[in-house]
$ cat work33.cif   # mmCIF, C-alpha atoms
data_protein
#
loop_
_atom_site.group_PDB
_atom_site.id
_atom_site.type_symbol
_atom_site.label_atom_id
_atom_site.label_comp_id
_atom_site.auth_asym_id
_atom_site.auth_seq_id
_atom_site.Cartn_x
_atom_site.Cartn_y
_atom_site.Cartn_z
ATOM 1 C CA MET A 1 0.000 0.000 0.000
ATOM 2 C CA PRO A 2 1.575 3.364 -0.982
ATOM 3 C CA LYS A 3 2.515 5.784 1.747
ATOM 4 C CA THR A 4 0.171 8.716 2.217
ATOM 5 C CA LYS A 5 1.636 12.112 1.617
ATOM 6 C CA GLY A 6 2.335 14.307 4.613
ATOM 7 C CA ASN A 7 0.423 17.525 5.111
ATOM 8 C CA PHE A 8 3.490 19.581 4.201
ATOM 9 C CA TRP A 9 3.215 18.654 0.499
ATOM 10 C CA SER A 10 0.264 21.024 0.139
ATOM 11 C CA GLU A 11 2.604 23.893 1.016
ATOM 12 C CA PHE A 12 4.473 23.397 -2.269
ATOM 13 C CA GLU A 13 3.558 23.991 -5.889
ATOM 14 C CA VAL A 14 4.870 21.493 -8.448
ATOM 15 C CA THR A 15 6.878 23.146 -11.231
ATOM 16 C CA THR A 16 9.762 22.345 -13.601
ATOM 17 C CA ASP A 17 13.181 23.881 -14.147
ATOM 18 C CA SER A 18 14.787 24.854 -17.472
ATOM 19 C CA ASN A 19 15.795 21.226 -18.041
ATOM 20 C CA GLY A 20 12.255 19.938 -17.525
ATOM 21 C CA LYS A 21 13.133 18.428 -14.136
ATOM 22 C CA GLU A 22 10.349 18.382 -11.547
ATOM 23 C CA LYS A 23 10.795 20.929 -8.754
ATOM 24 C CA TYR A 24 8.743 22.073 -5.773
ATOM 25 C CA LYS A 25 8.112 25.775 -5.130
ATOM 26 C CA CYS A 26 7.410 26.856 -1.561
ATOM 27 C CA LYS A 27 4.155 28.826 -1.412
ATOM 28 C CA ILE A 28 5.438 30.853 1.530
ATOM 29 C CA CYS A 29 8.893 32.010 0.400
ATOM 30 C CA SER A 30 8.923 31.005 -3.314
ATOM 31 C CA GLY A 31 12.067 28.912 -2.791
ATOM 32 C CA ILE A 32 12.643 26.142 -5.347
ATOM 33 C CA TRP A 33 13.462 22.625 -4.123
ATOM 34 C CA SER A 34 14.031 19.153 -5.527
ATOM 35 C CA LYS A 35 11.709 16.319 -4.495
ATOM 36 C CA ASN A 36 13.113 15.155 -1.173
ATOM 37 C CA ALA A 37 10.537 14.566 1.553
ATOM 38 C CA SER A 38 12.834 15.081 4.538
ATOM 39 C CA ARG A 39 14.330 18.318 3.203
ATOM 40 C CA LEU A 40 10.960 19.691 2.114
ATOM 41 C CA LYS A 41 9.456 18.912 5.516
ATOM 42 C CA GLU A 42 12.402 20.526 7.314
ATOM 43 C CA HIS A 43 12.162 23.600 5.116
ATOM 44 C CA ILE A 44 8.433 24.141 5.548
ATOM 45 C CA GLU A 45 8.755 23.764 9.322
ATOM 46 C CA GLN A 46 11.432 26.479 9.360
ATOM 47 C CA CYS A 47 9.378 28.638 7.014
ATOM 48 C CA LYS A 48 6.309 28.328 9.226
ATOM 49 C CA GLU A 49 8.373 28.893 12.347
ATOM 50 C CA THR A 50 8.767 32.518 11.260
ATOM 51 C CA GLY A 51 4.999 32.775 10.929
ATOM 52 C CA THR A 52 3.688 31.415 14.207
ATOM 53 C CA SER A 53 2.473 34.744 15.586
ATOM 54 C CA GLY A 54 0.358 36.126 12.768
ATOM 55 C CA THR A 55 -0.430 36.293 9.101
ATOM 56 C CA SER A 56 2.138 39.019 8.335
ATOM 57 C CA LYS A 57 5.163 36.732 8.619
ATOM 58 C CA PRO A 58 5.521 35.763 4.926
ATOM 59 C CA GLN A 59 5.344 39.454 4.024
ATOM 60 C CA GLU A 60 7.868 40.256 6.745
ATOM 61 C CA SER A 61 10.248 37.697 5.288
ATOM 62 C CA LEU A 62 9.919 39.176 1.797
ATOM 63 C CA LEU A 63 10.301 42.712 3.157
ATOM 64 C CA THR A 64 13.472 41.757 5.042
ATOM 65 C CA ARG A 65 14.897 40.071 1.964
ATOM 66 C CA ALA A 66 14.149 43.169 -0.136
ATOM 67 C CA PHE A 67 15.970 45.417 2.344
ATOM 68 C CA CYS A 68 18.996 43.110 2.413
ATOM 69 C CA SER A 69 19.254 42.392 -1.315
ATOM 70 C CA THR A 70 19.027 46.075 -2.278
ATOM 71 C CA GLY A 71 21.202 47.458 0.516
ATOM 72 C CA ILE A 72 18.468 49.811 1.732
ATOM 73 C CA SER A 73 19.067 51.272 5.182
ATOM 74 C CA PHE A 74 16.825 49.783 7.869
ATOM 75 C CA ASN A 75 15.977 53.378 8.870
ATOM 76 C CA VAL A 76 13.770 53.577 5.768
ATOM 77 C CA ILE A 77 11.147 51.453 7.560
ATOM 78 C CA GLU A 78 10.539 54.484 9.821
ATOM 79 C CA ASN A 79 10.150 56.935 6.921
ATOM 80 C CA GLU A 80 6.648 58.453 6.986
ATOM 81 C CA ASP A 81 6.131 58.231 3.220
ATOM 82 C CA PHE A 82 7.299 54.625 3.149
ATOM 83 C CA ILE A 83 4.922 53.761 6.005
ATOM 84 C CA LEU A 84 2.040 55.427 4.131
ATOM 85 C CA PHE A 85 2.892 53.424 1.022
ATOM 86 C CA LEU A 86 2.901 50.105 2.926
ATOM 87 C CA LYS A 87 -0.389 50.928 4.652
ATOM 88 C CA LYS A 88 -1.985 51.801 1.328
ATOM 89 C CA ALA A 89 -0.579 48.785 -0.521
ATOM 90 C CA CYS A 90 -1.350 46.269 2.226
ATOM 91 C CA PRO A 91 -3.621 47.676 4.971
ATOM 92 C CA SER A 92 -3.622 44.448 7.005
ATOM 93 C CA PHE A 93 0.177 44.230 7.113
ATOM 94 C CA LYS A 94 1.672 45.020 10.507
ATOM 95 C CA ILE A 95 4.753 47.092 9.727
ATOM 96 C CA PRO A 96 7.774 45.911 11.763
ATOM 97 C CA SER A 97 9.951 48.340 13.675
ATOM 98 C CA ARG A 98 13.511 49.104 12.654
ATOM 99 C CA GLY A 99 14.789 47.149 15.651
ATOM 100 C CA SER A 100 12.725 44.095 14.739
ATOM 101 C CA LEU A 101 13.775 44.327 11.092
ATOM 102 C CA SER A 102 17.484 44.589 11.879
ATOM 103 C CA ASN A 103 17.509 41.888 14.568
ATOM 104 C CA ALA A 104 14.855 39.151 14.829
ATOM 105 C CA LEU A 105 13.630 39.304 11.230
ATOM 106 C CA LEU A 106 17.156 39.554 9.848
ATOM 107 C CA ASN A 107 18.241 36.504 11.858
ATOM 108 C CA GLN A 108 15.185 34.530 10.723
ATOM 109 C CA GLU A 109 15.837 35.359 7.086
ATOM 110 C CA PHE A 110 19.481 34.405 7.485
ATOM 111 C CA LYS A 111 18.506 30.978 8.854
ATOM 112 C CA HIS A 112 15.970 30.537 6.073
ATOM 113 C CA LEU A 113 18.492 31.333 3.346
ATOM 114 C CA GLN A 114 21.013 29.049 5.030
ATOM 115 C CA SER A 115 18.620 26.114 4.654
ATOM 116 C CA ILE A 116 18.147 26.910 0.957
ATOM 117 C CA PHE A 117 21.904 27.232 0.567
ATOM 118 C CA ARG A 118 22.591 23.864 2.204
ATOM 119 C CA SER A 119 20.000 22.186 0.002
ATOM 120 C CA THR A 120 21.497 23.725 -3.147
ATOM 121 C CA LEU A 121 24.973 22.514 -2.236
ATOM 122 C CA SER A 122 23.787 19.011 -1.372
ATOM 123 C CA GLU A 123 22.103 18.662 -4.764
ATOM 124 C CA SER A 124 25.038 19.944 -6.827
ATOM 125 C CA PRO A 125 27.571 17.279 -7.926
ATOM 126 C CA THR A 126 30.449 19.762 -8.169
ATOM 127 C CA TYR A 127 31.342 23.318 -7.161
ATOM 128 C CA CYS A 128 33.539 26.173 -8.286
ATOM 129 C CA LEU A 129 35.051 28.487 -5.653
ATOM 130 C CA ILE A 130 35.376 32.162 -6.603
ATOM 131 C CA SER A 131 37.298 34.562 -4.382
ATOM 132 C CA ASP A 132 38.120 38.259 -4.524
ATOM 133 C CA GLY A 133 39.370 40.912 -2.147
ATOM 134 C CA TRP A 134 38.894 44.628 -1.577
ATOM 135 C CA SER A 135 39.109 47.278 1.156
ATOM 136 C CA ASN A 136 36.034 48.851 2.750
ATOM 137 C CA VAL A 137 35.591 52.521 3.693
ATOM 138 C CA GLN A 138 37.492 51.860 6.932
ATOM 139 C CA ARG A 139 40.366 50.424 4.862
ATOM 140 C CA THR A 140 39.844 46.966 6.308
ATOM 141 C CA SER A 141 40.923 44.261 3.891
ATOM 142 C CA ILE A 142 37.986 41.973 3.066
ATOM 143 C CA VAL A 143 38.085 38.691 1.158
ATOM 144 C CA ASP A 144 34.832 37.205 -0.084
ATOM 145 C CA TYR A 145 34.145 33.634 -1.149
ATOM 146 C CA MET A 146 31.417 32.656 -3.578
ATOM 147 C CA ILE A 147 30.433 29.170 -4.677
ATOM 148 C CA SER A 148 29.068 28.433 -8.127
ATOM 149 C CA ALA A 149 26.832 25.365 -7.943
ATOM 150 C CA PRO A 150 26.222 26.255 -10.814
ATOM 151 C CA LYS A 151 24.427 29.483 -9.849
ATOM 152 C CA PRO A 152 26.683 31.813 -7.837
ATOM 153 C CA ILE A 153 25.987 31.835 -4.098
ATOM 154 C CA PHE A 154 27.660 34.179 -1.636
ATOM 155 C CA PHE A 155 29.254 31.897 0.970
ATOM 156 C CA LYS A 156 31.105 34.195 3.357
ATOM 157 C CA ALA A 157 33.421 37.181 3.734
ATOM 158 C CA THR A 158 36.371 37.401 6.101
ATOM 159 C CA ALA A 159 38.424 40.362 7.284
ATOM 160 C CA PHE A 160 42.200 40.320 7.112
ATOM 161 C CA LYS A 161 42.804 42.407 10.236
ATOM 162 C CA GLU A 162 46.343 41.668 11.339
ATOM 163 C CA GLU A 163 47.219 39.109 8.678
ATOM 164 C CA ARG A 164 48.894 40.232 5.494
ATOM 165 C CA HIS A 165 47.708 39.207 2.036
ATOM 166 C CA THR A 166 50.529 36.722 1.659
ATOM 167 C CA ALA A 167 50.259 33.626 -0.506
ATOM 168 C CA GLU A 168 50.262 31.486 2.642
ATOM 169 C CA ASN A 169 47.322 33.320 4.226
ATOM 170 C CA ILE A 170 45.379 33.333 0.960
ATOM 171 C CA ALA A 171 45.949 29.598 0.512
ATOM 172 C CA LYS A 172 44.777 28.951 4.088
ATOM 173 C CA GLY A 173 41.608 30.954 3.488
ATOM 174 C CA LEU A 174 40.791 29.132 0.248
ATOM 175 C CA GLU A 175 41.445 25.719 1.774
ATOM 176 C CA ALA A 176 39.420 26.468 4.922
ATOM 177 C CA THR A 177 36.467 27.573 2.796
ATOM 178 C CA MET A 178 36.612 24.421 0.670
ATOM 179 C CA GLU A 179 36.765 22.237 3.770
ATOM 180 C CA GLU A 180 33.788 24.055 5.272
ATOM 181 C CA ALA A 181 31.629 23.534 2.173
ATOM 182 C CA GLY A 182 32.872 20.046 1.223
ATOM 183 C CA ILE A 183 36.320 20.005 -0.293
ATOM 184 C CA ASN A 184 35.812 16.890 -2.427
ATOM 185 C CA LYS A 185 33.114 18.584 -4.507
ATOM 186 C CA PHE A 186 35.299 21.498 -5.615
ATOM 187 C CA SER A 187 36.663 21.083 -9.121
ATOM 188 C CA ALA A 188 37.939 24.615 -9.779
ATOM 189 C CA ILE A 189 39.107 27.699 -7.890
ATOM 190 C CA ILE A 190 39.040 31.147 -9.513
ATOM 191 C CA THR A 191 40.740 34.274 -8.146
ATOM 192 C CA ASP A 192 42.246 37.416 -9.635
ATOM 193 C CA ASN A 193 45.643 37.359 -11.337
ATOM 194 C CA ALA A 194 47.755 39.008 -8.638
ATOM 195 C CA PRO A 195 51.194 37.444 -7.946
ATOM 196 C CA ASN A 196 50.232 36.441 -4.383
ATOM 197 C CA MET A 197 47.137 34.663 -5.729
ATOM 198 C CA LYS A 198 49.189 32.743 -8.276
ATOM 199 C CA ALA A 199 51.628 31.756 -5.535
ATOM 200 C CA ALA A 200 48.680 30.495 -3.456
ATOM 201 C CA TRP A 201 47.512 28.390 -6.446
ATOM 202 C CA LYS A 202 50.945 26.772 -6.603
ATOM 203 C CA MET A 203 50.808 25.814 -2.923
ATOM 204 C CA LEU A 204 47.319 24.335 -3.171
ATOM 205 C CA LYS A 205 48.045 22.614 -6.486
ATOM 206 C CA GLN A 206 50.720 20.528 -4.794
ATOM 207 C CA LYS A 207 48.175 19.331 -2.240
ATOM 208 C CA TYR A 208 45.215 19.061 -4.628
ATOM 209 C CA PRO A 209 46.674 18.189 -8.062
ATOM 210 C CA LYS A 210 43.278 17.293 -9.569
ATOM 211 C CA LYS A 211 41.745 20.697 -8.902
ATOM 212 C CA ILE A 212 41.876 23.467 -11.509
ATOM 213 C CA PHE A 213 43.178 26.904 -10.523
ATOM 214 C CA LEU A 214 42.329 29.824 -12.816
ATOM 215 C CA GLY A 215 42.697 33.571 -12.919
ATOM 216 C CA CYS A 216 39.604 35.649 -13.596
ATOM 217 C CA TRP A 217 39.521 36.407 -17.325
ATOM 218 C CA VAL A 218 37.632 39.665 -16.801
ATOM 219 C CA HIS A 219 40.302 40.833 -14.365
ATOM 220 C CA GLY A 220 42.959 39.777 -16.879
ATOM 221 C CA ILE A 221 41.307 41.782 -19.673
ATOM 222 C CA HIS A 222 41.052 44.771 -17.324
ATOM 223 C CA LEU A 223 44.796 44.637 -16.601
ATOM 224 C CA TRP A 224 45.484 44.158 -20.295
ATOM 225 C CA MET A 225 43.462 47.253 -21.225
ATOM 226 C CA LYS A 226 45.213 49.316 -18.524
ATOM 227 C CA ASP A 227 48.578 48.404 -20.042
ATOM 228 C CA ILE A 228 47.350 49.250 -23.544
ATOM 229 C CA LEU A 229 46.035 52.654 -22.440
ATOM 230 C CA ASN A 230 49.436 53.501 -20.952
ATOM 231 C CA ILE A 231 51.016 53.406 -24.425
ATOM 232 C CA ASP A 232 51.598 56.907 -25.835
ATOM 233 C CA TRP A 233 49.692 56.472 -29.094
ATOM 234 C CA THR A 234 46.646 55.070 -27.289
ATOM 235 C CA LYS A 235 46.688 58.023 -24.879
ATOM 236 C CA ASP A 236 46.415 60.343 -27.887
ATOM 237 C CA ILE A 237 43.439 58.383 -29.261
ATOM 238 C CA LEU A 238 41.754 58.441 -25.852
ATOM 239 C CA GLU A 239 42.139 62.224 -25.528
ATOM 240 C CA LYS A 240 40.639 62.753 -28.998
ATOM 241 C CA ALA A 241 37.731 60.458 -28.093
ATOM 242 C CA LYS A 242 37.097 62.464 -24.905
ATOM 243 C CA LYS A 243 37.044 65.739 -26.851
ATOM 244 C CA LEU A 244 34.610 64.263 -29.371
ATOM 245 C CA SER A 245 32.347 62.979 -26.593
ATOM 246 C CA ASN A 246 32.431 66.315 -24.749
ATOM 247 C CA TYR A 247 31.533 68.184 -27.935
ATOM 248 C CA PHE A 248 28.319 66.240 -28.435
ATOM 249 C CA TYR A 249 27.293 66.447 -24.777
ATOM 250 C CA ASN A 250 27.888 70.212 -24.775
ATOM 251 C CA HIS A 251 25.911 70.821 -27.992
ATOM 252 C CA GLN A 252 22.287 69.723 -27.730
ATOM 253 C CA VAL A 253 21.539 69.984 -31.466
ATOM 254 C CA ALA A 254 24.478 67.749 -32.332
ATOM 255 C CA LEU A 255 23.536 65.347 -29.518
ATOM 256 C CA ALA A 256 19.967 65.083 -30.848
ATOM 257 C CA THR A 257 21.281 63.797 -34.187
ATOM 258 C CA LEU A 258 22.937 60.751 -32.602
#
$ encode --input "work33.cif" --output "structure tokens"
Amino acid sequence: MPKTKGNFWSEFEVTTDSNGKEKYKCKICSGIWSKNASRLKEHIEQCKETGTSGTSKPQESLLTRAFCSTGISFNVIENEDFILFLKKACPSFKIPSRGSLSNALLNQEFKHLQSIFRSTLSESPTYCLISDGWSNVQRTSIVDYMISAPKPIFFKATAFKEERHTAENIAKGLEATMEEAGINKFSAIITDNAPNMKAAWKMLKQKYPKKIFLGCWVHGIHLWMKDILNIDWTKDILEKAKKLSNYFYNHQVALATL
């Protein structure tokens, strides 16, 4: 006798991906999942956990995600015009406070996205690790790690506070990230083309000879173009192009003919 479906199945809508493979779309958060009863049940329990105290919780989750994905300041939730818009668009929605949005709701959304992230990684047969570094407004060196599985997913960012960006430290960071996400599934690692990055590849290649280490082609083209534009004859062409561009933008009749 076939097993009866659990009640949680009604919380999902059956759909298909671009390859025609059956997927399940959560009616609460719109997350897409493969057919796996235990994972679907775990997900819907977590999704509903954020909605145990009222009917506004799914909207709160979407609102929090919108604030985070667009980088909008949490102070906007206290803006009078924004409050009027929300009340007009959804009168029954209980607008959260800035404190709730930046604490409890943010933590709930983080846990929710973590569950989606873990499911995506578990279903992917292989990964690609992508890493880059920059300095923030406080001049703190930040290194981020993204995993392509195959869609890019932001995994984590770490601050190099006292440590220098040596090949050894970079190699340790890359290896620690791979171990955290499942090192055996990584087939390729992509970074920029800086000398310290290439030295880190060499260290890791000795330990993981089957993994592919690549420099970012876009970064390579950027460096290539910088070198080209430093040549005298290209500088002359660039200056002429700037003058031509400025002429059209300073003459409305000429600009209208473009």
$ residues_around --input "work33.cif" --residues "region 181-194 of chain A" --least-positions-apart "3" --cutoff "7 Å" --atoms "only C-alpha atoms" --output "CSV table (one decimal) with C-alpha atoms, in the frame of the given file"
chain,number,residue,atom,x,y,z
A,125,PRO,CA,27.6,17.3,-7.9
A,126,THR,CA,30.4,19.8,-8.2
A,127,TYR,CA,31.3,23.3,-7.2
A,128,CYS,CA,33.5,26.2,-8.3
A,129,LEU,CA,35.1,28.5,-5.7
A,130,ILE,CA,35.4,32.2,-6.6
A,131,SER,CA,37.3,34.6,-4.4
A,132,ASP,CA,38.1,38.3,-4.5
A,177,THR,CA,36.5,27.6,2.8
A,178,MET,CA,36.6,24.4,0.7
A,197,MET,CA,47.1,34.7,-5.7
A,198,LYS,CA,49.2,32.7,-8.3
A,211,LYS,CA,41.7,20.7,-8.9
A,212,ILE,CA,41.9,23.5,-11.5
A,213,PHE,CA,43.2,26.9,-10.5
A,214,LEU,CA,42.3,29.8,-12.8
A,215,GLY,CA,42.7,33.6,-12.9
A,216,CYS,CA,39.6,35.6,-13.6
A,219,HIS,CA,40.3,40.8,-14.4
A,220,GLY,CA,43.0,39.8,-16.9
$ resolve_selection --input "work33.cif" --expression "the PyMOL selection byres ((chain A and resi 115-124) around 9)" --output "ChimeraX atom specification"
/A:31-34,39,42-43,46,110-114,125-127,147,149-150,153,155,181-182,185
$ atom_distance --input "work33.cif" --atom1 "CA of Leu63 (chain A)" --atom2 "CA of Leu101 (chain A)"
8.8 Å
$ atom_distance --input "work33.cif" --atom1 "CA of Ser69 (chain A)" --atom2 "CA of Asn36 (chain A)"
27.9 Å
$ atom_distance --input "work33.cif" --atom1 "CA of Pro58 (chain A)" --atom2 "CA of Ile28 (chain A)"
6.0 Å
$ closest_residue --input "work33.cif" --among "A:Leu106, A:Leu62, A:Ala167, A:Ile221" --to "Asn196 (chain A)" --atoms "only C-alpha atoms"
A:Ala167
$ closest_residue --input "work33.cif" --among "A:Asn246, A:Asn75, A:Thr140, A:Thr15" --to "Ser97 (chain A)" --atoms "all atoms listed in the file"
A:Asn75
$ residues_around --input "work33.cif" --residues "Phe12 (chain A)" --least-positions-apart "6" --cutoff "6 Å" --atoms "only C-alpha atoms" --output "mmCIF file with C-alpha atoms, keeping the file's coordinate frame"
data_model
loop_
_atom_site.group_PDB
_atom_site.id
_atom_site.type_symbol
_atom_site.label_atom_id
_atom_site.label_comp_id
_atom_site.auth_asym_id
_atom_site.auth_seq_id
_atom_site.Cartn_x
_atom_site.Cartn_y
_atom_site.Cartn_z
ATOM 1 C CA TYR A 24 8.743 22.073 -5.773
ATOM 2 C CA LYS A 25 8.112 25.775 -5.130
ATOM 3 C CA CYS A 26 7.410 26.856 -1.561
ATOM 4 C CA LYS A 27 4.155 28.826 -1.412
#
$ closest_residue --input "work33.cif" --among "A:Glu45, A:Glu80, A:Glu109, A:Glu168" --to "Phe67 (chain A)" --atoms "all atoms listed in the file"
A:Glu109
$ residues_around --input "work33.cif" --residues "Ser141 (chain A)" --least-positions-apart "3" --cutoff "6 Å" --atoms "only C-alpha atoms" --output "PDB file with C-alpha atoms, in the frame of the given file"
ATOM      1  CA  TRP A 134      38.894  44.628  -1.577  1.00  0.00           C
ATOM      2  CA  SER A 135      39.109  47.278   1.156  1.00  0.00           C
ATOM      3  CA  ALA A 159      38.424  40.362   7.284  1.00  0.00           C
ATOM      4  CA  PHE A 160      42.200  40.320   7.112  1.00  0.00           C
TER       5      PHE A 160
END
$ closest_residue --input "work33.cif" --among "A:Ser61, A:Thr166, A:Asn230, A:Asn250" --to "Ala199 (chain A)" --atoms "all atoms listed in the file"
A:Thr166
